Amino acid sequence: MHRADWLKLSARAVAAWLGLSALGIYLSAPLAELMLPLFRFVILSVAPEYAPSLKLVADNHDVLIQLEAWLLQPLPLGGSQQIPAGLELTTGTHLMHTLVPVVIEGSILMAWPTRRWIERAVLLVFGVPTSILVVGLTGPFVLLGTLEIQLQDMAQQAHVVRNEPLTLTWMIFNEMGGRWALAITAAILCLQVQRGLFGKVGHSTA
């Protein structure tokens, strides 16, 4: 690509970013509703020790996805101490924060040069399931990770050492830039599929 091509690509990416962000704000409530079953499925799959309850809470101009979780069984805290079953923990994450990877992936797919509109359509079609996968690998783990932080604080107050669970490690990875990396990886996967179907992009028209 020449410099002019990169400038054009950057301008299209910024425009796509702004458009998708505005769309996310406008459709915040229905998008959040669609995410609840996915979040519940992931939480039940990776943390069966919790009984989760998810709901939406309006928070200024955003929507908060709130998780209330009850421990179904005693949970070792460290040493001989444990947390009794029935403990209720509450946390939440903002929808706009959750949608960041979707906006990143969508901006790349909408801005990437293609020769025909069918190629753009293929990119966007493959972008839907990959973006859902990325949201499933990020959003629910933010909720689970913040729950685990509360348990880590309890262990510290009890002066015991509690090993860092994998859900907390994954949440920290996502918050340190992992969600960006997953979104970019998903976009590259879609581009590779499109390239395999239609060949390498030459002069773009779409």
# chains A, B, ... in the order shown; residues from 1 in each chain; ligands from 1
$ residues_around --residues "Val100 (chain A)" --least-positions-apart "2" --cutoff "12 Å" --atoms "only C-alpha atoms" --output "number ranges by chain"
A: 17-18, 20-21, 24-25, 94-98, 102-107, 131, 134-135, 138-139, 174-175, 177-184
$ write_last_selection --atoms "N, CA and C atoms" --output "compact mmCIF listing (two decimals), in the first residue's frame"
# COMPACT_ATOMS: atom_id res chain seq x y z
N TRP A 17 -15.45 3.55 13.09
CA TRP A 17 -15.41 3.55 14.56
C TRP A 17 -16.49 4.47 15.12
N LEU A 18 -16.59 5.68 14.57
CA LEU A 18 -17.58 6.65 15.05
C LEU A 18 -19.00 6.15 14.77
N LEU A 20 -20.07 2.98 14.32
CA LEU A 20 -20.40 1.82 15.16
C LEU A 20 -20.59 2.22 16.62
N SER A 21 -19.80 3.18 17.09
CA SER A 21 -19.96 3.66 18.46
C SER A 21 -21.32 4.31 18.65
N GLY A 24 -23.94 1.66 18.70
CA GLY A 24 -23.94 0.95 19.98
C GLY A 24 -24.66 1.73 21.05
N ILE A 25 -24.49 3.05 21.07
CA ILE A 25 -25.19 3.89 22.04
C ILE A 25 -26.69 3.88 21.77
N HIS A 94 -20.01 -2.13 32.24
CA HIS A 94 -20.77 -1.27 31.34
C HIS A 94 -20.81 -1.86 29.93
N LEU A 95 -21.95 -1.67 29.28
CA LEU A 95 -22.14 -2.20 27.94
C LEU A 95 -21.11 -1.60 26.97
N MET A 96 -20.86 -0.30 27.03
CA MET A 96 -19.93 0.33 26.11
C MET A 96 -18.52 -0.25 26.26
N HIS A 97 -18.16 -0.59 27.49
CA HIS A 97 -16.87 -1.23 27.74
C HIS A 97 -16.84 -2.61 27.10
N THR A 98 -17.97 -3.31 27.19
CA THR A 98 -18.07 -4.66 26.63
C THR A 98 -18.01 -4.64 25.11
N VAL A 102 -15.98 -5.34 19.74
CA VAL A 102 -16.86 -5.42 18.57
C VAL A 102 -16.63 -4.22 17.67
N VAL A 103 -16.50 -3.04 18.27
CA VAL A 103 -16.26 -1.82 17.49
C VAL A 103 -14.91 -1.90 16.78
N ILE A 104 -13.89 -2.42 17.48
CA ILE A 104 -12.56 -2.55 16.88
C ILE A 104 -12.61 -3.49 15.68
N GLU A 105 -13.17 -4.67 15.89
CA GLU A 105 -13.24 -5.64 14.79
C GLU A 105 -14.09 -5.11 13.64
N GLY A 106 -15.24 -4.54 13.97
CA GLY A 106 -16.12 -4.03 12.93
C GLY A 106 -15.49 -2.89 12.15
N SER A 107 -14.73 -2.04 12.82
CA SER A 107 -14.08 -0.92 12.13
C SER A 107 -13.06 -1.43 11.12
N SER A 131 -17.31 -11.84 16.39
CA SER A 131 -17.47 -10.79 17.40
C SER A 131 -18.23 -11.33 18.62
N VAL A 134 -15.71 -13.19 20.61
CA VAL A 134 -14.83 -12.28 21.34
C VAL A 134 -15.54 -11.71 22.57
N VAL A 135 -16.81 -11.34 22.41
CA VAL A 135 -17.57 -10.82 23.56
C VAL A 135 -17.68 -11.90 24.64
N THR A 138 -14.58 -12.15 26.69
CA THR A 138 -14.16 -10.94 27.40
C THR A 138 -15.18 -10.50 28.45
N GLY A 139 -16.38 -10.11 28.02
CA GLY A 139 -17.36 -9.54 28.94
C GLY A 139 -17.67 -10.37 30.18
N ASN A 174 -7.30 -9.41 29.64
CA ASN A 174 -8.21 -8.64 28.79
C ASN A 174 -8.13 -7.16 29.08
N GLU A 175 -8.07 -6.80 30.35
CA GLU A 175 -8.04 -5.39 30.73
C GLU A 175 -6.71 -4.73 30.40
N GLY A 177 -5.17 -5.07 27.61
CA GLY A 177 -5.05 -4.97 26.15
C GLY A 177 -5.42 -6.23 25.42
N GLY A 178 -5.73 -7.31 26.16
CA GLY A 178 -6.07 -8.57 25.52
C GLY A 178 -7.34 -8.48 24.69
N ARG A 179 -8.32 -7.68 25.14
CA ARG A 179 -9.57 -7.57 24.36
C ARG A 179 -9.30 -6.92 23.01
N TRP A 180 -8.37 -5.98 22.95
CA TRP A 180 -7.97 -5.39 21.68
C TRP A 180 -7.32 -6.44 20.79
N ALA A 181 -6.42 -7.23 21.40
CA ALA A 181 -5.71 -8.26 20.63
C ALA A 181 -6.67 -9.30 20.09
N LEU A 182 -7.67 -9.70 20.90
CA LEU A 182 -8.65 -10.68 20.44
C LEU A 182 -9.48 -10.13 19.29
N ALA A 183 -9.86 -8.86 19.38
CA ALA A 183 -10.65 -8.25 18.31
C ALA A 183 -9.87 -8.18 17.01
N ILE A 184 -8.61 -7.78 17.10
CA ILE A 184 -7.77 -7.69 15.91
C ILE A 184 -7.53 -9.07 15.31
$ select_by_dssp --residues "region 12-200 of chain A" --states "helix (DSSP H, G or I)" --output "NGL selection string"
:A and (12-26 or 28-46 or 95-111 or 117-157 or 166-198)
$ residues_around --residues "Leu44 (chain A)" --least-positions-apart "5" --cutoff "12 Å" --atoms "only C-alpha atoms" --output "short mmCIF file (atom, residue, chain, number, x, y, z; two decimals) with C-alpha atoms, in the first residue's frame"
data_model
loop_
_atom_site.label_atom_id
_atom_site.label_comp_id
_atom_site.auth_asym_id
_atom_site.auth_seq_id
_atom_site.Cartn_x
_atom_site.Cartn_y
_atom_site.Cartn_z
CA PRO A 37 -28.02 -15.36 27.64
CA LEU A 38 -24.44 -15.48 26.34
CA PHE A 39 -23.05 -14.12 29.60
CA GLU A 49 -19.85 -22.94 41.82
CA TYR A 50 -21.98 -19.81 41.35
CA ALA A 51 -25.71 -19.40 40.80
CA PRO A 52 -25.76 -16.28 38.60
CA SER A 53 -28.52 -13.74 38.11
CA LEU A 54 -28.03 -11.07 35.45
CA ALA A 69 -23.94 -14.52 42.20
CA TRP A 70 -24.54 -16.89 45.07
CA LEU A 72 -23.61 -22.96 45.84
CA PRO A 140 -18.35 -12.44 31.25
CA PHE A 141 -14.77 -12.72 32.49
CA LEU A 144 -16.13 -13.13 37.10
#
$ select_by_dssp --residues "chain A" --states "strand (DSSP E or B)" --output "PyMOL selection string"
chain A and resi 50-59+62-71+75-78+81-83+88-94
$ residues_around --residues "region 153-162 of chain A" --least-positions-apart "4" --cutoff "7 Å" --atoms "only C-alpha atoms" --output "number ranges by chain"
A: 77-79, 149
$ atom_distance --atom1 "CA of Leu34 (chain A)" --atom2 "CA of Gly127 (chain A)"
16.6 Å
$ atom_distance --atom1 "CA of Phe126 (chain A)" --atom2 "CA of Leu27 (chain A)"
21.1 Å
$ closest_residue --among "A:Ile172, A:Ala187, A:Leu75, A:Met110" --to "Ser10 (chain A)" --atoms "only C-alpha atoms"
A:Met110
$ closest_residue --among "A:Leu168, A:Leu147, A:Phe41, A:Val63" --to "Leu99 (chain A)" --atoms "only C-alpha atoms"
A:Val63
$ residues_around --residues "region 116-122 of chain A" --least-positions-apart "2" --cutoff "9 Å" --atoms "only C-alpha atoms" --output "JSON, numbers by chain"
{"A": [109, 110, 112, 113, 114, 124, 125, 126, 127, 190, 193, 194, 195, 197, 198, 204, 205, 206]}
$ write_last_selection --atoms "all heavy atoms" --output "compact mmCIF listing (two decimals), in the first residue's frame"
# COMPACT_ATOMS: atom_id res chain seq x y z
N LEU A 109 -13.07 -4.41 9.61
CA LEU A 109 -13.75 -5.10 8.52
C LEU A 109 -14.48 -4.14 7.58
O LEU A 109 -14.56 -4.38 6.38
CB LEU A 109 -14.74 -6.12 9.08
CG LEU A 109 -14.14 -7.25 9.93
CD1 LEU A 109 -15.21 -8.21 10.38
CD2 LEU A 109 -13.04 -7.98 9.17
N MET A 110 -14.99 -3.04 8.13
CA MET A 110 -15.69 -2.07 7.29
C MET A 110 -14.73 -1.17 6.53
O MET A 110 -15.07 -0.66 5.45
CB MET A 110 -16.63 -1.22 8.15
CG MET A 110 -17.80 -2.01 8.73
SD MET A 110 -18.88 -0.99 9.77
CE MET A 110 -19.61 0.07 8.52
N TRP A 112 -11.47 -2.12 5.61
CA TRP A 112 -10.50 -2.84 4.78
C TRP A 112 -10.91 -2.78 3.30
O TRP A 112 -12.07 -2.98 2.97
CB TRP A 112 -10.39 -4.29 5.24
CG TRP A 112 -9.15 -4.95 4.72
CD1 TRP A 112 -9.04 -5.80 3.66
CD2 TRP A 112 -7.83 -4.78 5.24
NE1 TRP A 112 -7.74 -6.18 3.49
CE2 TRP A 112 -6.96 -5.57 4.44
CE3 TRP A 112 -7.30 -4.04 6.29
CZ2 TRP A 112 -5.60 -5.63 4.67
CZ3 TRP A 112 -5.94 -4.10 6.53
CH2 TRP A 112 -5.10 -4.89 5.72
N PRO A 113 -9.96 -2.52 2.41
CA PRO A 113 -10.31 -2.40 0.99
C PRO A 113 -10.75 -3.73 0.39
O PRO A 113 -10.16 -4.77 0.64
CB PRO A 113 -9.00 -1.91 0.35
CG PRO A 113 -7.92 -2.33 1.30
CD PRO A 113 -8.52 -2.24 2.66
N THR A 114 -11.81 -3.66 -0.40
CA THR A 114 -12.31 -4.82 -1.13
C THR A 114 -12.60 -4.39 -2.57
O THR A 114 -12.73 -3.21 -2.87
CB THR A 114 -13.60 -5.38 -0.50
OG1 THR A 114 -14.59 -4.35 -0.47
CG2 THR A 114 -13.35 -5.88 0.91
N LEU A 124 -18.39 -9.02 6.71
CA LEU A 124 -19.32 -8.67 7.78
C LEU A 124 -20.10 -9.88 8.28
O LEU A 124 -20.39 -9.99 9.47
CB LEU A 124 -20.28 -7.58 7.29
CG LEU A 124 -19.61 -6.25 6.90
CD1 LEU A 124 -20.64 -5.25 6.41
CD2 LEU A 124 -18.81 -5.68 8.06
N VAL A 125 -20.43 -10.80 7.36
CA VAL A 125 -21.13 -12.02 7.77
C VAL A 125 -20.25 -12.85 8.72
O VAL A 125 -20.72 -13.33 9.76
CB VAL A 125 -21.54 -12.86 6.54
CG1 VAL A 125 -21.95 -14.26 6.96
CG2 VAL A 125 -22.69 -12.17 5.81
N PHE A 126 -18.99 -13.02 8.37
CA PHE A 126 -18.08 -13.75 9.26
C PHE A 126 -17.76 -12.94 10.51
O PHE A 126 -17.38 -13.51 11.54
CB PHE A 126 -16.79 -14.12 8.52
CG PHE A 126 -16.92 -15.32 7.64
CD1 PHE A 126 -17.09 -15.19 6.26
CD2 PHE A 126 -16.90 -16.60 8.17
CE1 PHE A 126 -17.23 -16.30 5.44
CE2 PHE A 126 -17.04 -17.72 7.37
CZ PHE A 126 -17.21 -17.56 6.00
N GLY A 127 -17.91 -11.64 10.42
CA GLY A 127 -17.63 -10.80 11.58
C GLY A 127 -18.63 -10.97 12.70
O GLY A 127 -18.30 -10.75 13.87
N CYS A 190 -11.18 -13.20 9.77
CA CYS A 190 -12.20 -12.93 8.75
C CYS A 190 -11.56 -12.52 7.43
O CYS A 190 -12.01 -12.95 6.35
CB CYS A 190 -13.14 -11.82 9.24
SG CYS A 190 -14.17 -12.27 10.65
N VAL A 193 -10.20 -15.60 5.68
CA VAL A 193 -11.27 -16.38 5.06
C VAL A 193 -11.72 -15.72 3.76
O VAL A 193 -11.89 -16.38 2.73
CB VAL A 193 -12.46 -16.53 6.04
CG1 VAL A 193 -13.66 -17.16 5.32
CG2 VAL A 193 -12.06 -17.37 7.24
N GLN A 194 -11.91 -14.40 3.82
CA GLN A 194 -12.32 -13.67 2.62
C GLN A 194 -11.29 -13.78 1.52
O GLN A 194 -11.61 -13.97 0.35
CB GLN A 194 -12.58 -12.21 2.98
CG GLN A 194 -13.10 -11.37 1.83
CD GLN A 194 -12.05 -10.38 1.32
OE1 GLN A 194 -10.86 -10.61 1.48
NE2 GLN A 194 -12.51 -9.31 0.71
N ARG A 195 -10.03 -13.70 1.91
CA ARG A 195 -8.94 -13.82 0.92
C ARG A 195 -8.93 -15.21 0.31
O ARG A 195 -8.69 -15.39 -0.89
CB ARG A 195 -7.61 -13.51 1.59
CG ARG A 195 -6.42 -13.56 0.63
CD ARG A 195 -5.16 -13.12 1.32
NE ARG A 195 -4.01 -13.18 0.42
CZ ARG A 195 -2.77 -12.83 0.76
NH1 ARG A 195 -2.53 -12.37 1.97
NH2 ARG A 195 -1.79 -12.93 -0.11
N LEU A 197 -11.46 -17.09 -0.17
CA LEU A 197 -12.61 -17.23 -1.06
C LEU A 197 -12.47 -16.43 -2.35
O LEU A 197 -12.87 -16.89 -3.42
CB LEU A 197 -13.89 -16.80 -0.34
CG LEU A 197 -14.36 -17.68 0.82
CD1 LEU A 197 -15.54 -17.04 1.52
CD2 LEU A 197 -14.74 -19.07 0.31
N PHE A 198 -11.86 -15.24 -2.25
CA PHE A 198 -11.85 -14.34 -3.40
C PHE A 198 -10.46 -13.99 -3.91
O PHE A 198 -10.32 -13.32 -4.92
CB PHE A 198 -12.57 -13.03 -3.03
CG PHE A 198 -14.02 -13.22 -2.69
CD1 PHE A 198 -14.43 -13.24 -1.38
CD2 PHE A 198 -14.96 -13.41 -3.69
CE1 PHE A 198 -15.77 -13.41 -1.05
CE2 PHE A 198 -16.31 -13.58 -3.38
CZ PHE A 198 -16.71 -13.59 -2.05
N SER A 204 -9.22 -1.65 -5.08
CA SER A 204 -10.47 -1.75 -4.34
C SER A 204 -11.47 -0.76 -4.87
O SER A 204 -11.16 0.35 -5.26
CB SER A 204 -10.24 -1.52 -2.85
OG SER A 204 -9.75 -0.21 -2.62
N THR A 205 -12.74 -1.20 -4.82
CA THR A 205 -13.84 -0.32 -5.23
C THR A 205 -14.92 -0.23 -4.18
O THR A 205 -15.81 0.60 -4.28
CB THR A 205 -14.48 -0.83 -6.54
OG1 THR A 205 -14.96 -2.16 -6.32
CG2 THR A 205 -13.47 -0.83 -7.66
N ALA A 206 -14.86 -1.09 -3.16
CA ALA A 206 -15.94 -1.11 -2.16
C ALA A 206 -15.38 -0.80 -0.79
O ALA A 206 -14.27 -1.10 -0.49
CB ALA A 206 -16.59 -2.48 -2.15
$ atom_distance --atom1 "CA of Leu56 (chain A)" --atom2 "CA of Pro74 (chain A)"
28.2 Å
$ closest_residue --among "A:Ala111, A:Val42, A:Leu71, A:Leu137" --to "Leu89 (chain A)" --atoms "only C-alpha atoms"
A:Leu71
